[in-house]
Every structure is written in C-alpha cells, then in structure tokens.
>>> print(open('upload.tsv').read())   # TSV, C-alpha atoms and all ligand atoms
chain	number	residue	atom	x	y	z
A	1	MET	CA	11.95	3.28	-8.31
A	2	LEU	CA	12.30	2.03	-4.79
A	3	LYS	CA	12.56	-1.75	-4.36
A	4	ALA	CA	11.79	-3.87	-1.31
A	5	PRO	CA	14.52	-6.43	-0.56
A	6	ASN	CA	12.05	-9.15	0.46
A	7	LEU	CA	10.04	-8.82	-2.78
A	8	SER	CA	13.23	-8.56	-4.88
A	9	GLU	CA	14.16	-12.08	-3.75
A	10	LEU	CA	11.25	-13.57	-5.70
A	11	PRO	CA	12.43	-14.25	-9.28
A	12	TRP	CA	8.89	-14.57	-10.69
A	13	LEU	CA	7.79	-11.21	-9.32
A	14	GLU	CA	8.41	-7.63	-10.43
A	15	HIS	CA	7.58	-4.54	-8.41
A	16	GLY	CA	8.44	-0.95	-7.59
A	17	PHE	CA	7.46	1.94	-5.37
A	18	GLY	CA	7.34	5.04	-7.56
A	19	LEU	CA	9.24	8.25	-6.91
A	20	ARG	CA	8.36	11.75	-8.19
A	21	ASP	CA	10.31	11.24	-11.39
A	22	SER	CA	9.65	7.53	-12.00
A	23	SER	CA	8.52	6.17	-15.31
A	24	TYR	CA	6.46	3.02	-15.23
A	25	PRO	CA	6.13	-0.21	-17.18
A	26	GLU	CA	2.88	-0.63	-19.07
A	27	PRO	CA	0.24	-1.68	-18.58
A	28	ILE	CA	-0.46	-1.39	-14.85
A	29	THR	CA	-4.03	-2.13	-13.78
A	30	THR	CA	-5.39	0.44	-11.32
A	31	VAL	CA	-8.90	1.18	-10.05
A	32	LYS	CA	-10.74	4.23	-8.79
A	33	GLN	CA	-9.56	4.53	-5.17
A	34	VAL	CA	-12.25	5.58	-2.73
A	35	HIS	CA	-10.70	5.10	0.75
A	36	SER	CA	-12.76	1.94	1.23
A	37	ASP	CA	-11.90	-1.53	2.48
A	38	HIS	CA	-12.88	-3.14	-0.84
A	39	VAL	CA	-10.53	-5.77	-2.24
A	40	VAL	CA	-11.02	-6.90	-5.85
A	41	VAL	CA	-9.38	-9.23	-8.33
A	42	ALA	CA	-7.91	-7.24	-11.22
A	43	ASN	CA	-9.71	-7.46	-14.53
A	44	ALA	CA	-10.70	-5.09	-17.29
A	45	ALA	CA	-13.94	-3.95	-15.65
A	46	PRO	CA	-13.78	-0.48	-14.07
A	47	CYS	CA	-14.61	-0.49	-10.40
A	48	GLU	CA	-14.04	1.28	-7.10
A	49	ALA	CA	-11.73	-0.41	-4.62
A	50	ASP	CA	-8.53	0.11	-2.64
A	51	ALA	CA	-6.83	-3.24	-3.01
A	52	LEU	CA	-6.19	-5.25	-6.16
A	53	LEU	CA	-5.19	-8.89	-6.42
A	54	THR	CA	-3.90	-10.90	-9.36
A	55	ILE	CA	-2.69	-14.39	-10.14
A	56	ASP	CA	-2.37	-13.78	-13.87
A	57	LEU	CA	1.00	-13.99	-15.57
A	58	GLY	CA	1.96	-10.69	-17.14
A	59	THR	CA	-0.53	-8.68	-15.08
A	60	ARG	CA	0.66	-5.76	-12.95
A	61	VAL	CA	-1.55	-4.16	-10.29
A	62	GLY	CA	-0.89	-0.75	-8.81
A	63	VAL	CA	-2.10	1.94	-6.44
A	64	LYS	CA	-1.59	5.70	-6.63
A	65	THR	CA	-0.54	7.60	-3.53
A	66	ALA	CA	0.84	10.90	-2.28
A	67	ASP	CA	1.09	10.47	1.54
A	68	CYS	CA	-1.22	7.46	1.89
A	69	VAL	CA	0.44	4.09	2.52
A	70	PRO	CA	1.09	1.80	-0.46
A	71	VAL	CA	1.45	-1.86	0.50
A	72	LEU	CA	2.60	-4.58	-1.88
A	73	LEU	CA	1.98	-8.25	-1.10
A	74	ALA	CA	3.13	-11.52	-2.67
A	75	ASP	CA	2.25	-15.10	-1.83
A	76	THR	CA	5.47	-17.02	-2.42
A	77	ARG	CA	3.68	-20.38	-2.85
A	78	GLN	CA	0.46	-19.71	-4.75
A	79	ARG	CA	2.05	-16.81	-6.64
A	80	VAL	CA	-0.51	-14.15	-5.91
A	81	ALA	CA	0.37	-10.44	-6.07
A	82	ALA	CA	-1.53	-7.57	-4.46
A	83	ALA	CA	-1.35	-3.79	-4.21
A	84	VAL	CA	-3.11	-1.94	-1.39
A	85	HIS	CA	-3.88	1.77	-0.86
A	86	ALA	CA	-4.24	2.56	2.85
A	87	GLY	CA	-4.96	6.09	3.96
A	88	TRP	CA	-6.26	6.70	7.45
A	89	ARG	CA	-9.72	5.40	6.57
A	90	GLY	CA	-8.40	2.26	4.94
A	91	THR	CA	-5.95	1.71	7.78
A	92	ALA	CA	-8.68	2.21	10.40
A	93	SER	CA	-10.83	-0.38	8.61
A	94	GLY	CA	-7.91	-2.81	8.32
A	95	ILE	CA	-7.77	-3.02	4.52
A	96	THR	CA	-4.24	-4.48	4.48
A	97	ALA	CA	-5.19	-7.45	6.67
A	98	ARG	CA	-8.37	-7.77	4.66
A	99	ALA	CA	-6.32	-8.12	1.47
A	100	VAL	CA	-4.39	-10.99	3.11
A	101	ARG	CA	-7.68	-12.66	4.06
A	102	GLU	CA	-9.02	-12.25	0.51
A	103	MET	CA	-5.85	-13.83	-0.87
A	104	ALA	CA	-6.60	-16.79	1.40
A	105	ALA	CA	-10.29	-16.95	0.53
A	106	ARG	CA	-9.87	-16.65	-3.23
A	107	PHE	CA	-6.53	-18.30	-3.92
A	108	GLY	CA	-5.72	-20.42	-0.88
A	109	SER	CA	-2.86	-18.22	0.32
A	110	ARG	CA	-1.52	-18.89	3.80
A	111	PRO	CA	-0.42	-15.73	5.65
A	112	GLU	CA	2.91	-17.28	6.64
A	113	HIS	CA	3.77	-17.57	2.94
A	114	VAL	CA	2.91	-13.93	2.25
A	115	VAL	CA	5.71	-11.38	1.94
A	116	ALA	CA	4.77	-7.73	2.51
A	117	ALA	CA	6.36	-4.38	1.75
A	118	VAL	CA	5.07	-1.12	3.22
A	119	GLY	CA	6.12	1.77	1.00
A	120	PRO	CA	6.89	5.45	1.53
A	121	SER	CA	4.08	7.45	3.13
A	122	ILE	CA	3.65	10.47	5.34
A	123	GLY	CA	5.53	9.61	8.53
A	124	GLY	CA	4.61	9.92	12.16
A	125	CYS	CA	6.95	12.95	12.14
A	126	CYS	CA	4.58	14.92	9.89
A	127	TYR	CA	1.14	13.33	10.11
A	128	GLN	CA	-0.94	15.09	12.70
A	129	VAL	CA	-4.62	14.24	13.09
A	130	GLY	CA	-7.41	15.63	15.21
A	131	PRO	CA	-9.39	13.91	17.96
A	132	ASP	CA	-12.02	12.51	15.55
A	133	VAL	CA	-9.46	10.60	13.48
A	134	ALA	CA	-7.48	9.61	16.59
A	135	ARG	CA	-10.63	8.00	17.98
A	136	GLN	CA	-10.79	5.71	14.90
A	137	PHE	CA	-7.50	4.27	16.16
A	138	GLY	CA	-8.69	3.83	19.72
A	139	THR	CA	-7.03	6.95	21.11
A	140	VAL	CA	-9.27	9.34	23.02
A	141	VAL	CA	-7.70	12.80	23.12
A	142	THR	CA	-8.76	16.43	23.05
A	143	SER	CA	-5.79	17.78	21.05
A	144	PRO	CA	-4.08	16.61	17.83
A	145	ILE	CA	-1.78	13.58	17.86
A	146	HIS	CA	0.81	12.16	15.46
A	147	LEU	CA	-0.08	8.92	13.68
A	148	ASP	CA	2.38	6.51	12.02
A	149	LEU	CA	0.18	4.83	9.41
A	150	ALA	CA	3.01	2.71	7.98
A	151	ALA	CA	3.76	1.24	11.41
A	152	ILE	CA	0.06	0.53	12.01
A	153	ASN	CA	-0.21	-1.27	8.66
A	154	ALA	CA	2.91	-3.31	9.46
A	155	GLN	CA	1.41	-4.24	12.82
A	156	GLN	CA	-1.85	-5.30	11.15
A	157	LEU	CA	0.09	-7.48	8.72
A	158	ARG	CA	2.02	-9.21	11.53
A	159	HIS	CA	-1.22	-9.68	13.44
A	160	ALA	CA	-2.70	-11.30	10.31
A	161	GLY	CA	0.16	-13.84	10.40
A	162	VAL	CA	2.49	-12.33	7.80
A	163	SER	CA	6.06	-12.93	8.98
A	164	SER	CA	8.08	-10.99	6.39
A	165	VAL	CA	7.19	-7.30	6.58
A	166	TRP	CA	9.58	-4.70	5.16
A	167	ILE	CA	8.97	-1.00	5.85
A	168	ALA	CA	10.47	1.69	3.62
A	169	GLY	CA	10.62	4.11	6.55
A	170	GLU	CA	10.72	7.20	4.35
A	171	CYS	CA	8.39	10.16	4.87
A	172	THR	CA	6.79	11.60	1.74
A	173	PHE	CA	6.35	14.98	3.45
A	174	CYS	CA	9.98	15.25	4.65
A	175	GLU	CA	11.58	13.90	1.45
A	176	LYS	CA	10.31	16.54	-0.94
A	177	GLN	CA	12.96	15.87	-3.61
A	178	ARG	CA	11.88	12.24	-3.85
A	179	TYR	CA	8.14	12.11	-3.26
A	180	PHE	CA	4.89	13.90	-3.90
A	181	SER	CA	3.02	14.85	-0.75
A	182	TYR	CA	-0.62	15.84	-0.76
A	183	ARG	CA	-0.32	17.59	2.58
A	184	ARG	CA	2.70	19.57	1.40
A	185	GLU	CA	1.66	20.33	-2.19
A	186	LYS	CA	-2.15	20.27	-1.87
A	187	GLU	CA	-4.04	20.01	-5.18
A	188	ALA	CA	-0.80	20.44	-7.16
A	189	ALA	CA	0.55	17.13	-5.84
A	190	GLY	CA	1.14	14.40	-8.39
A	191	ARG	CA	0.82	10.74	-7.53
A	192	MET	CA	3.37	7.94	-7.29
A	193	ILE	CA	2.37	4.49	-8.51
A	194	SER	CA	3.37	1.48	-6.43
A	195	TRP	CA	2.96	-1.67	-8.45
A	196	VAL	CA	3.57	-5.39	-8.41
A	197	GLY	CA	3.17	-8.04	-11.05
A	198	ILE	CA	3.77	-11.65	-11.96
A	199	LYS	CA	6.26	-11.93	-14.77
A	200	ALA	CA	4.92	-13.38	-18.01
B	1	ZN	ZN	8.08	13.62	7.97
>>> encode(input="upload.tsv", output="structure tokens")
Amino acid sequence: MLKAPNLSELPWLEHGFGLRDSSYPEPITTVKQVHSDHVVVANAAPCEADALLTIDLGTRVGVKTADCVPVLLADTRQRVAAAVHAGWRGTASGITARAVREMAARFGSRPEHVVAAVGPSIGGCCYQVGPDVARQFGTVVTSPIHLDLAAINAQQLRHAGVSSVWIAGECTFCEKQRYFSYRREKEAAGRMISWVGIKA
C-alpha cells in the first residue's frame, strides 16, 4: 500500500493507495463509479457517484481505479475524509474541486485546512488522447496529445485553495509490476482501491 506523507501526519486518519497485490481493511464503502461529477456522503444506500465523503468514525471510503486518478482528501479541522475517482471526464468537469466545495457546503470545511493526495494514475508519458478529449481541456489540436491528469487534478486543488497537495508521480502504465492499467491490460485489468477513513 502506498502512503501519502501529508495524510500520514494525521493521527486520526488512516489511508492507502492500493497496489496490484494489496489486501485491504474491511469494510470500505464504495459506490458505482460512472465518470460523473457527483459527490455523495457515504451511507449504506447504493448509488452512482465518483466522490464519497464521510465524517463518521470507523467509516472508510474508497474508489477503484486502473489508470484513472484516485484523490484522497482530509479536512484537518472538521475531520472529514473523502475519496475521489477522476478519469478524463471527471477531471474535465472538475470533480476534485467539487468534492472540496461539497466538504465546505456540508461540513464547513475550509479549503486551506484540507490536505490532498493525488495517487498513481496513467502518466503524461503514456496517456495520449485525441482532439475531442483534448478540446475538453481547452486545447484545440488536430492530432493526439499527451495529458497529465494527475497534474491537472493537483492544479484544480490548488486553485480551489488547498495548500497541501502531494502527488504520487507514478505511472500505472509504466509500472506494470506495481499497478493495474486498463490501457495496458484491457478487460483483464484488475482494480486498485484507494481508501481513506476516520479511525474509530
Ligand atoms: Zn507512463
């Protein structure tokens, strides 16, 4: 399990970014991920969303990825934890910043008290997209370009007022011993779980 130094500093929090061979604590609350910008508070009800928040002691929230960007958030004052799944659609619609805004709206979080960790995802080295996707990021081109989704999410977090942003900086496509990659392994790819929780 990969750990973010800035989240590890919080004694009340537990977290991890899964690797290929990770085993996970139980339970971890996940939802059906649909590449949306929907942010929900974790509870037992099944729903479709791509970001999960919790303030409950003993509750862990997680997202499943294999190339998409997992982002874990923690409000150091109000003790809110969040897990975000940001593929290109979620990144283009700003789901990570939206999760920070929802933390503020629902639990009174202030962005300057939020600590963020951007986990392993397909890197700019390996993530090539066509003109249609490039246009979603404000780039008008006629041939494919490389996108660094982790860097874009980090930028969105800083723009939202989050001061502590850690980036794993590992590419799931390059690091085939460590990570599943949907682009590399296609339908055979497993999923890593990135999770965060408030200790009971
Ligand atoms: Zn790569």
>>> closest_residue(input="upload.tsv", among="A:Pro111, A:Gly169, A:Gly87, A:Pro25", to="Ala99 (chain A)", atoms="only C-alpha atoms")
A:Pro111
>>> residues_near_point(input="upload.tsv", point="(9.1, 14.8, 2.2)", cutoff="12 Å", atoms="all atoms listed in the file", output="PyMOL selection string")
chain A and resi 19-20+66-67+120-127+169-185+189
>>> atom_distance(input="upload.tsv", atom1="CA of Val39 (chain A)", atom2="CA of His146 (chain A)")
27.6 Å
>>> axis_aligned_box(input="upload.tsv", around="region 93-111 of chain A", padding_each_side="5 Å", output="JSON")
{"center_x": -5.6, "center_y": -10.4, "center_z": 2.3, "size_x": 20.4, "size_y": 30.0, "size_z": 22.5}
>>> residues_around(input="upload.tsv", residues="region 136-138 of chain A", least_positions_apart="4", cutoff="9 Å", atoms="only C-alpha atoms", output="ChimeraX atom specification")
/A:88-89,91-93,131-132
>>> residues_around(input="upload.tsv", residues="His85 (chain A)", least_positions_apart="3", cutoff="10 Å", atoms="only C-alpha atoms", output="PyMOL selection string")
chain A and resi 33-37+49-52+62-65+68-72+88+90-91+95-96+194
>>> residues_around(input="upload.tsv", residues="Glu9 (chain A)", least_positions_apart="3", cutoff="12 Å", atoms="all atoms listed in the file", output="count of residues only")
12
>>> closest_residue(input="upload.tsv", among="A:Thr142, A:Ser163, A:Gln128, A:Thr29", to="ligand ZN 1 (chain B)", atoms="all atoms listed in the file")
A:Gln128
>>> atom_distance(input="upload.tsv", atom1="CA of Gly94 (chain A)", atom2="CA of Ala117 (chain A)")
15.8 Å
>>> closest_residue(input="upload.tsv", among="A:Arg77, A:Ile55, A:Ala86, A:Asp148", to="ligand ZN 1 (chain B)", atoms="all atoms listed in the file")
A:Asp148
>>> residues_around(input="upload.tsv", residues="region 40-43 of chain A", least_positions_apart="2", cutoff="6 Å", atoms="all atoms listed in the file", output="number ranges by chain")
A: 45, 52-54
>>> atom_distance(input="upload.tsv", atom1="CA of Ala200 (chain A)", atom2="CA of Phe107 (chain A)")
18.8 Å
